[in-house]
>>> print(open('final15.tsv').read())   # TSV, C-alpha atoms
chain	number	residue	atom	x	y	z
A	919	MET	CA	-8.75	-8.64	-14.38
A	920	ILE	CA	-9.99	-5.05	-14.44
A	921	TYR	CA	-9.87	-4.99	-10.63
A	922	LEU	CA	-6.22	-6.08	-10.70
A	923	TYR	CA	-5.30	-3.29	-13.12
A	924	GLY	CA	-7.29	-0.80	-11.05
A	925	SER	CA	-5.47	-1.81	-7.87
A	926	ILE	CA	-2.06	-1.52	-9.56
A	927	VAL	CA	-2.64	1.88	-11.18
A	928	LEU	CA	-4.45	3.52	-8.25
A	929	THR	CA	-2.02	2.24	-5.59
A	930	SER	CA	0.92	3.43	-7.70
A	931	TYR	CA	-0.78	6.83	-8.01
A	932	LEU	CA	-0.83	7.11	-4.21
A	933	THR	CA	2.92	6.56	-3.88
A	934	LEU	CA	3.69	8.93	-6.75
A	935	SER	CA	1.42	11.62	-5.28
A	936	PHE	CA	3.79	12.08	-2.35
A	937	LYS	CA	6.46	13.34	-4.74
A	938	VAL	CA	4.00	15.96	-6.01
A	939	CYS	CA	3.17	16.92	-2.40
A	940	GLU	CA	6.87	17.46	-1.76
A	941	LYS	CA	7.15	19.72	-4.81
A	942	TYR	CA	4.28	21.94	-3.63
A	943	GLN	CA	5.28	21.80	0.05
A	944	VAL	CA	2.10	20.06	1.13
A	945	SER	CA	1.99	18.71	4.68
A	946	ILE	CA	2.00	14.94	4.23
A	947	PHE	CA	0.31	14.32	7.56
A	948	GLN	CA	-2.52	16.77	6.89
A	949	ALA	CA	-2.99	15.39	3.36
A	950	ILE	CA	-3.19	11.86	4.78
A	951	VAL	CA	-5.79	12.79	7.40
A	952	PHE	CA	-7.95	14.66	4.85
A	953	ASN	CA	-7.45	11.71	2.51
A	954	TYR	CA	-9.10	9.31	4.97
A	955	ILE	CA	-11.97	11.69	5.61
A	956	THR	CA	-12.42	11.81	1.83
A	957	CYS	CA	-12.34	8.00	1.71
A	958	VAL	CA	-15.21	7.83	4.21
A	959	ILE	CA	-17.27	10.35	2.23
A	960	THR	CA	-16.49	8.62	-1.09
A	961	GLY	CA	-17.39	5.21	0.31
A	962	SER	CA	-20.63	6.52	1.78
A	963	ILE	CA	-21.61	7.98	-1.59
A	964	VAL	CA	-20.84	4.65	-3.30
A	965	ASN	CA	-22.76	2.83	-0.56
A	966	GLY	CA	-25.70	5.21	-0.75
A	967	ALA	CA	-25.45	6.07	2.95
A	968	PHE	CA	-23.01	6.13	5.86
A	969	PRO	CA	-23.05	2.43	6.82
A	970	ILE	CA	-21.70	2.49	10.38
A	971	ASN	CA	-24.50	1.95	12.91
A	972	ALA	CA	-25.29	-0.06	16.04
A	973	GLU	CA	-25.74	-3.23	14.01
A	974	VAL	CA	-22.36	-2.86	12.32
A	975	LEU	CA	-20.63	-2.36	15.67
A	976	ASN	CA	-21.65	-5.89	16.63
A	977	GLN	CA	-20.34	-7.52	13.46
A	978	THR	CA	-17.45	-9.96	13.82
A	979	TRP	CA	-15.35	-8.10	11.26
A	980	PHE	CA	-15.71	-4.67	12.88
A	981	HIS	CA	-12.75	-4.98	15.26
A	982	TRP	CA	-10.63	-6.09	12.29
A	983	ALA	CA	-11.73	-2.95	10.45
A	984	LEU	CA	-10.59	-0.81	13.39
A	985	LEU	CA	-7.17	-2.50	13.33
A	986	MET	CA	-7.02	-1.99	9.57
A	987	GLY	CA	-7.58	1.73	10.13
A	988	VAL	CA	-4.64	1.93	12.54
A	989	LEU	CA	-2.43	0.21	9.96
A	990	PHE	CA	-3.75	2.42	7.15
A	991	ILE	CA	-2.70	5.70	8.71
A	992	SER	CA	0.57	4.37	10.13
A	993	ILE	CA	1.75	2.79	6.88
A	994	PHE	CA	0.59	5.70	4.72
A	995	ASN	CA	2.72	8.10	6.77
A	996	ILE	CA	5.74	5.82	6.46
A	997	VAL	CA	5.20	5.49	2.69
A	998	GLY	CA	5.11	9.29	2.42
A	999	MET	CA	8.33	9.74	4.39
A	1000	THR	CA	10.11	7.03	2.40
A	1001	ALA	CA	9.01	8.44	-0.98
A	1002	GLN	CA	10.19	11.94	-0.03
A	1003	ARG	CA	13.39	11.12	1.87
A	1004	ILE	CA	14.61	8.26	-0.33
A	1005	SER	CA	12.63	7.66	-3.55
A	1006	VAL	CA	9.31	6.52	-4.98
A	1007	ALA	CA	10.91	3.29	-6.20
A	1008	VAL	CA	12.22	2.41	-2.74
A	1009	ALA	CA	8.89	3.29	-1.11
A	1010	SER	CA	6.97	1.14	-3.56
A	1011	VAL	CA	9.39	-1.78	-3.45
A	1012	ALA	CA	9.77	-1.81	0.32
A	1013	ASN	CA	6.01	-1.61	0.64
A	1014	LYS	CA	5.43	-4.54	-1.70
A	1015	LEU	CA	8.43	-6.66	-0.64
A	1016	SER	CA	6.07	-7.68	2.14
A	1017	LEU	CA	4.32	-10.03	-0.30
A	1018	ILE	CA	6.15	-12.90	1.39
A	1019	ILE	CA	4.17	-12.41	4.63
A	1020	PRO	CA	0.64	-13.03	3.23
A	1021	VAL	CA	2.03	-15.82	1.04
A	1022	VAL	CA	3.42	-17.66	4.06
A	1023	LEU	CA	0.21	-17.07	6.03
A	1024	SER	CA	-1.91	-18.28	3.09
A	1025	VAL	CA	-0.01	-21.57	3.10
A	1026	TYR	CA	-0.33	-21.88	6.87
A	1027	LEU	CA	-3.96	-20.73	7.33
A	1028	TYR	CA	-5.64	-21.85	4.11
A	1029	HIS	CA	-3.42	-24.82	3.18
A	1030	GLU	CA	-2.59	-23.31	-0.20
A	1031	THR	CA	0.29	-24.76	-2.20
A	1032	VAL	CA	3.46	-22.89	-3.15
A	1033	LYS	CA	5.84	-25.25	-4.89
A	1034	GLY	CA	7.63	-25.88	-8.15
A	1035	TRP	CA	7.74	-22.95	-10.57
A	1036	LYS	CA	5.33	-20.97	-8.40
A	1037	LEU	CA	7.76	-21.19	-5.48
A	1038	PHE	CA	10.58	-20.23	-7.84
A	1039	GLY	CA	8.55	-17.16	-8.82
A	1040	VAL	CA	8.07	-16.08	-5.19
A	1041	ILE	CA	11.81	-16.42	-4.47
A	1042	LEU	CA	12.62	-14.58	-7.70
A	1043	ALA	CA	10.18	-11.82	-6.69
A	1044	LEU	CA	12.04	-11.26	-3.42
A	1045	ILE	CA	15.34	-11.01	-5.28
A	1046	ALA	CA	13.75	-8.67	-7.83
A	1047	VAL	CA	12.42	-6.20	-5.29
A	1048	VAL	CA	15.76	-6.07	-3.47
A	1049	LEU	CA	17.54	-5.29	-6.75
A	1050	THR	CA	14.94	-2.68	-7.73
A	1051	CYS	CA	15.25	-1.13	-4.25
A	1052	TYR	CA	19.05	-1.04	-4.20
A	1053	GLN	CA	20.52	2.45	-3.92
A	1054	PRO	CA	24.13	3.00	-2.84
A	1055	LEU	CA	24.72	5.95	-0.54
A	1056	ASN	CA	26.47	8.88	-2.18
A	1057	VAL	CA	29.20	10.96	-0.58
A	1058	SER	CA	26.85	13.62	0.84
A	1059	ASP	CA	24.66	10.92	2.40
A	1060	LYS	CA	27.66	9.41	4.14
A	1061	LYS	CA	28.74	12.80	5.51
A	1062	ASN	CA	25.25	13.57	6.83
A	1063	ASP	CA	24.77	10.07	8.15
A	1064	PRO	CA	28.09	8.39	9.08
A	1065	LYS	CA	26.39	5.09	9.96
A	1066	GLY	CA	24.64	5.10	6.60
A	1067	ASN	CA	21.95	2.64	7.64
A	1068	TRP	CA	19.21	4.84	9.14
A	1069	ARG	CA	17.39	5.09	5.81
A	1070	TYR	CA	16.70	1.36	5.82
A	1071	LEU	CA	14.59	1.59	8.98
A	1072	LEU	CA	11.72	3.09	6.98
A	1073	PRO	CA	11.67	0.27	4.38
A	1074	ILE	CA	11.85	-2.33	7.16
A	1075	ALA	CA	8.87	-0.74	8.90
A	1076	LEU	CA	7.02	-0.74	5.57
A	1077	PHE	CA	7.86	-4.40	5.00
A	1078	LEU	CA	6.40	-5.51	8.33
A	1079	GLY	CA	3.41	-3.18	8.41
A	1080	SER	CA	2.35	-3.62	4.78
A	1081	GLY	CA	2.77	-7.39	4.96
A	1082	PHE	CA	0.53	-7.62	7.98
A	1083	LEU	CA	-2.02	-5.27	6.36
A	1084	ASP	CA	-2.16	-7.36	3.15
A	1085	ALA	CA	-2.55	-10.53	5.21
A	1086	LEU	CA	-5.29	-8.91	7.30
A	1087	ILE	CA	-7.26	-7.73	4.24
A	1088	ASN	CA	-6.93	-11.16	2.66
A	1089	HIS	CA	-7.99	-12.99	5.84
A	1090	VAL	CA	-11.04	-10.80	6.46
A	1091	GLN	CA	-12.24	-10.93	2.85
A	1092	GLN	CA	-11.91	-14.72	2.84
A	1093	THR	CA	-13.52	-15.22	6.24
A	1094	TYR	CA	-16.06	-12.44	6.85
A	1095	VAL	CA	-16.57	-10.17	3.84
A	1096	THR	CA	-19.50	-10.69	1.47
A	1097	VAL	CA	-20.83	-8.66	-1.44
A	1098	GLU	CA	-23.37	-7.12	0.93
A	1099	ASN	CA	-20.98	-5.99	3.68
A	1100	SER	CA	-17.73	-5.30	1.79
A	1101	ASN	CA	-18.33	-1.56	1.49
A	1102	ALA	CA	-19.31	-1.24	5.16
A	1103	TYR	CA	-16.08	-3.04	6.08
A	1104	LEU	CA	-13.95	-0.71	3.95
A	1105	ILE	CA	-15.64	2.45	5.23
A	1106	SER	CA	-15.24	1.27	8.83
A	1107	GLY	CA	-11.50	0.86	8.28
A	1108	PHE	CA	-11.20	4.29	6.69
A	1109	PHE	CA	-13.35	5.83	9.44
A	1110	SER	CA	-11.00	4.36	12.05
A	1111	ALA	CA	-7.99	5.90	10.30
A	1112	ALA	CA	-9.78	9.24	9.84
A	1113	SER	CA	-10.79	9.39	13.51
A	1114	ILE	CA	-7.28	8.65	14.81
A	1115	GLY	CA	-5.70	11.09	12.39
A	1116	SER	CA	-8.22	13.87	13.06
A	1117	ILE	CA	-7.75	13.72	16.82
A	1118	TYR	CA	-3.98	14.00	16.49
A	1119	LEU	CA	-4.23	16.70	13.81
A	1120	ILE	CA	-6.52	18.84	16.00
A	1121	TYR	CA	-3.98	18.48	18.80
A	1122	ARG	CA	-1.19	19.57	16.43
A	1123	TYR	CA	-3.27	22.59	15.38
A	1124	SER	CA	-3.85	23.52	19.03
A	1125	ILE	CA	-0.14	23.61	19.89
A	1126	GLY	CA	0.83	25.41	16.68
A	1127	LYS	CA	2.74	22.52	15.11
A	1128	GLN	CA	0.43	22.43	12.08
A	1129	VAL	CA	-1.25	25.25	10.16
A	1130	PHE	CA	-4.26	24.65	7.96
A	1131	LEU	CA	-3.92	25.66	4.33
A	1132	MET	CA	-6.35	24.93	1.52
A	1133	LYS	CA	-3.67	23.11	-0.50
A	1134	HIS	CA	-3.39	20.46	2.25
A	1135	LEU	CA	-7.14	19.82	2.05
A	1136	LEU	CA	-7.09	19.73	-1.76
A	1137	ALA	CA	-4.20	17.26	-1.75
A	1138	GLY	CA	-6.12	15.05	0.68
A	1139	ILE	CA	-9.15	15.01	-1.61
A	1140	LEU	CA	-7.04	14.23	-4.69
A	1141	ILE	CA	-5.37	11.36	-2.82
A	1142	GLY	CA	-8.46	10.14	-0.97
A	1143	ILE	CA	-10.76	9.30	-3.88
A	1144	PRO	CA	-8.19	7.07	-5.66
A	1145	ASN	CA	-7.18	5.60	-2.28
A	1146	TYR	CA	-10.71	4.40	-1.57
A	1147	PHE	CA	-11.02	2.76	-4.97
A	1148	SER	CA	-7.53	1.21	-4.75
A	1149	ILE	CA	-8.60	-0.81	-1.70
A	1150	TRP	CA	-12.04	-1.43	-3.22
A	1151	CYS	CA	-10.38	-2.88	-6.33
A	1152	LEU	CA	-8.00	-4.99	-4.20
A	1153	VAL	CA	-10.84	-6.55	-2.20
A	1154	LYS	CA	-12.82	-7.20	-5.40
A	1155	PHE	CA	-9.76	-8.74	-7.08
A	1156	LEU	CA	-9.00	-11.04	-4.15
A	1157	LYS	CA	-12.63	-12.15	-4.11
A	1158	GLN	CA	-12.77	-12.91	-7.84
A	1159	SER	CA	-9.15	-13.79	-8.62
A	1160	PRO	CA	-8.58	-16.91	-10.76
A	1161	TRP	CA	-5.56	-17.72	-8.59
A	1162	GLN	CA	-5.05	-18.64	-4.95
A	1163	SER	CA	-4.28	-15.69	-2.66
A	1164	SER	CA	-0.68	-16.94	-2.40
A	1165	ALA	CA	-0.38	-16.01	-6.10
A	1166	SER	CA	-2.88	-13.11	-6.31
A	1167	ILE	CA	-1.16	-10.88	-3.73
A	1168	PRO	CA	2.36	-11.26	-5.21
A	1169	VAL	CA	1.09	-10.55	-8.73
A	1170	ASN	CA	-0.73	-7.43	-7.51
A	1171	ASN	CA	2.26	-6.22	-5.50
A	1172	MET	CA	4.83	-6.84	-8.21
A	1173	GLY	CA	2.60	-5.05	-10.71
A	1174	ILE	CA	2.60	-2.01	-8.41
A	1175	VAL	CA	6.40	-2.13	-8.10
A	1176	LEU	CA	6.84	-2.25	-11.86
A	1177	PHE	CA	4.31	0.43	-12.71
A	1178	SER	CA	5.30	2.95	-10.01
A	1179	SER	CA	9.06	2.54	-10.61
A	1180	VAL	CA	8.79	3.08	-14.36
A	1181	VAL	CA	6.38	6.03	-13.99
A	1182	ALA	CA	8.68	7.63	-11.38
A	1183	TRP	CA	11.56	7.23	-13.81
A	1184	LEU	CA	9.56	8.84	-16.61
A	1185	LEU	CA	7.88	11.67	-14.66
A	1186	PHE	CA	10.27	12.48	-11.81
A	1187	LYS	CA	13.51	11.43	-13.51
A	1188	GLU	CA	14.39	9.15	-10.62
A	1189	ARG	CA	17.65	7.49	-11.55
A	1190	LEU	CA	17.49	3.74	-12.06
A	1191	SER	CA	20.81	1.92	-12.18
A	1192	ALA	CA	21.58	-1.21	-14.18
A	1193	ILE	CA	20.91	-3.21	-11.02
A	1194	ASN	CA	17.50	-1.54	-10.63
A	1195	TRP	CA	16.60	-2.34	-14.24
A	1196	LEU	CA	17.68	-5.95	-13.70
A	1197	GLY	CA	15.30	-6.05	-10.74
A	1198	ILE	CA	12.45	-4.72	-12.91
A	1199	VAL	CA	13.10	-7.37	-15.58
A	1200	LEU	CA	13.20	-10.10	-12.94
A	1201	SER	CA	9.91	-8.75	-11.55
A	1202	ILE	CA	8.21	-9.41	-14.87
A	1203	VAL	CA	9.59	-12.94	-14.96
A	1204	ALA	CA	8.55	-13.50	-11.33
A	1205	ILE	CA	4.97	-12.40	-12.02
A	1206	TYR	CA	4.74	-14.93	-14.85
A	1207	PHE	CA	5.94	-17.84	-12.71
A	1208	ILE	CA	3.79	-16.88	-9.72
A	1209	ALA	CA	0.64	-16.57	-11.80
A	1210	PHE	CA	1.17	-19.47	-14.20
A	1211	GLY	CA	3.83	-21.65	-12.53
A	1212	ALA	CA	1.30	-24.24	-11.39
A	1213	ASN	CA	0.41	-24.93	-15.05
A	1214	ILE	CA	3.97	-25.29	-16.31
>>> encode(input="final15.tsv", output="structure tokens")
Amino acid sequence: MIYLYGSIVLTSYLTLSFKVCEKYQVSIFQAIVFNYITCVITGSIVNGAFPINAEVLNQTWFHWALLMGVLFISIFNIVGMTAQRISVAVASVANKLSLIIPVVLSVYLYHETVKGWKLFGVILALIAVVLTCYQPLNVSDKKNDPKGNWRYLLPIALFLGSGFLDALINHVQQTYVTVENSNAYLISGFFSAASIGSIYLIYRYSIGKQVFLMKHLLAGILIGIPNYFSIWCLVKFLKQSPWQSSASIPVNNMGIVLFSSVVAWLLFKERLSAINWLGIVLSIVAIYFIAFGANI
């Protein structure tokens, strides 16, 4: 279970770090790009060498790693915008509400079972994350945004993108990833994200839209090392989990929602309403039924 706890704590750290970046006026995009470069370097050190070579390019999983890289950098940017413009709780919840997508695909692709108390737990989890996410618009929001609904576009994008990413990681680790090639797969995904981000960042530098400062690089390093190990822990957990993936992913995601929301409340004084607290309580109940519902 150490890999589960590692995934929860490290992934929560990533969401919370965007609030710190906002405080110190760090460019989120630059931090994200430097973060993925750091992930590649960190993974190569763990691996003992940079693993991408001609042989790796011909592996069946390599094109999935490239797609994972595209999703990595896209979703990370959306998480950063959501955490800064709305709240850490909403970013975390919207990100992990997507648990329903890999659950449905696990049932369809791997013929896993979701019924009885386990099904009740999944439904309860969806209700819980909506309640934890709920934030009524205040008067100033309504004046600045008469329609009042624009802010929900970011959580919707997170829901779809993160759900597909979780399903992709789960599918590849079940189908292609072994102990021998898991690190090469992860580094390939991070290298894809780093390459895409670097090209665009260089372009932004060239037209004067971004200016390099050491604090952006430092933020990227401080985010990148935990980011690498958060995905490393997730892959390890999915490989060794005592539960089916239709239970493992929801438990992991709900743990992240709980941990990041409570820490944001404690550290950043993010206001949690009675409805939000109800959602957090229901999250704990949902985790229990998802993980142990089949034995009840």
>>> atom_distance(input="final15.tsv", atom1="atom CA of A:Tyr1123", atom2="atom CA of A:Val944")
15.4 Å
>>> residues_near_point(input="final15.tsv", point="(-1.2, 0.8, 10.1)", cutoff="10 Å", atoms="all atoms listed in the file", output="ChimeraX atom specification")
/A:985-996,1076,1079-1080,1082-1083,1111
>>> atom_distance(input="final15.tsv", atom1="atom CA of A:Ser1179", atom2="atom CA of A:Ala1075")
19.8 Å
>>> atom_distance(input="final15.tsv", atom1="atom CA of A:Phe1108", atom2="atom CA of A:Tyr954")
5.7 Å
>>> closest_residue(input="final15.tsv", among="A:Ser930, A:Thr1093, A:Gln943, A:Asn976", to="A:Phe1177", atoms="all atoms listed in the file")
A:Ser930
>>> residues_around(input="final15.tsv", residues="stretch 1143-1150 of chain A", least_positions_apart="3", cutoff="8 Å", atoms="all atoms listed in the file", output="JSON, numbers by chain")
{"A": [924, 925, 926, 928, 929, 931, 932, 953, 956, 957, 960, 961, 1101, 1104, 1139, 1140, 1153, 1154]}
>>> closest_residue(input="final15.tsv", among="A:Phe1038, A:Phe952, A:Tyr1103, A:Phe1207", to="A:Lys1133", atoms="all atoms listed in the file")
A:Phe952
>>> closest_residue(input="final15.tsv", among="A:Phe1109, A:Phe1130, A:Tyr1052, A:Phe1077", to="A:Ile1193", atoms="all atoms listed in the file")
A:Tyr1052
>>> build_atoms(input="final15.tsv", residues="stretch 1179-1194 of chain A", atoms="N, CA and C atoms", output="PDB file, in the frame of the given file")
ATOM      1  N   SER A1179       7.633   2.279 -10.364  1.00  0.00           N
ATOM      2  CA  SER A1179       9.060   2.540 -10.610  1.00  0.00           C
ATOM      3  C   SER A1179       9.282   3.138 -11.986  1.00  0.00           C
ATOM      4  N   VAL A1180       8.628   2.578 -12.995  1.00  0.00           N
ATOM      5  CA  VAL A1180       8.790   3.080 -14.360  1.00  0.00           C
ATOM      6  C   VAL A1180       8.190   4.480 -14.502  1.00  0.00           C
ATOM      7  N   VAL A1181       7.004   4.704 -13.911  1.00  0.00           N
ATOM      8  CA  VAL A1181       6.380   6.030 -13.990  1.00  0.00           C
ATOM      9  C   VAL A1181       7.231   7.073 -13.263  1.00  0.00           C
ATOM     10  N   ALA A1182       7.805   6.699 -12.105  1.00  0.00           N
ATOM     11  CA  ALA A1182       8.680   7.630 -11.380  1.00  0.00           C
ATOM     12  C   ALA A1182       9.909   7.974 -12.199  1.00  0.00           C
ATOM     13  N   TRP A1183      10.417   7.002 -12.930  1.00  0.00           N
ATOM     14  CA  TRP A1183      11.560   7.230 -13.810  1.00  0.00           C
ATOM     15  C   TRP A1183      11.191   8.182 -14.949  1.00  0.00           C
ATOM     16  N   LEU A1184       9.990   8.008 -15.488  1.00  0.00           N
ATOM     17  CA  LEU A1184       9.560   8.840 -16.610  1.00  0.00           C
ATOM     18  C   LEU A1184       9.170  10.259 -16.174  1.00  0.00           C
ATOM     19  N   LEU A1185       8.420  10.377 -15.068  1.00  0.00           N
ATOM     20  CA  LEU A1185       7.880  11.670 -14.660  1.00  0.00           C
ATOM     21  C   LEU A1185       8.812  12.475 -13.761  1.00  0.00           C
ATOM     22  N   PHE A1186       9.451  11.778 -12.810  1.00  0.00           N
ATOM     23  CA  PHE A1186      10.270  12.480 -11.810  1.00  0.00           C
ATOM     24  C   PHE A1186      11.761  12.312 -12.051  1.00  0.00           C
ATOM     25  N   LYS A1187      12.113  11.624 -13.134  1.00  0.00           N
ATOM     26  CA  LYS A1187      13.510  11.430 -13.510  1.00  0.00           C
ATOM     27  C   LYS A1187      14.324  10.770 -12.394  1.00  0.00           C
ATOM     28  N   GLU A1188      13.652   9.900 -11.640  1.00  0.00           N
ATOM     29  CA  GLU A1188      14.390   9.150 -10.620  1.00  0.00           C
ATOM     30  C   GLU A1188      15.361   8.205 -11.320  1.00  0.00           C
ATOM     31  N   ARG A1189      16.605   8.262 -10.880  1.00  0.00           N
ATOM     32  CA  ARG A1189      17.650   7.490 -11.550  1.00  0.00           C
ATOM     33  C   ARG A1189      17.524   6.005 -11.211  1.00  0.00           C
ATOM     34  N   LEU A1190      17.506   5.190 -12.238  1.00  0.00           N
ATOM     35  CA  LEU A1190      17.490   3.740 -12.060  1.00  0.00           C
ATOM     36  C   LEU A1190      18.788   3.182 -12.621  1.00  0.00           C
ATOM     37  N   SER A1191      19.530   2.493 -11.769  1.00  0.00           N
ATOM     38  CA  SER A1191      20.810   1.920 -12.180  1.00  0.00           C
ATOM     39  C   SER A1191      20.581   0.638 -12.964  1.00  0.00           C
ATOM     40  N   ALA A1192      21.669   0.070 -13.471  1.00  0.00           N
ATOM     41  CA  ALA A1192      21.580  -1.210 -14.180  1.00  0.00           C
ATOM     42  C   ALA A1192      21.033  -2.297 -13.268  1.00  0.00           C
ATOM     43  N   ILE A1193      21.409  -2.235 -11.990  1.00  0.00           N
ATOM     44  CA  ILE A1193      20.910  -3.210 -11.020  1.00  0.00           C
ATOM     45  C   ILE A1193      19.405  -3.048 -10.833  1.00  0.00           C
ATOM     46  N   ASN A1194      18.937  -1.794 -10.767  1.00  0.00           N
ATOM     47  CA  ASN A1194      17.500  -1.540 -10.630  1.00  0.00           C
ATOM     48  C   ASN A1194      16.734  -2.072 -11.830  1.00  0.00           C
TER      49      ASN A1194
END
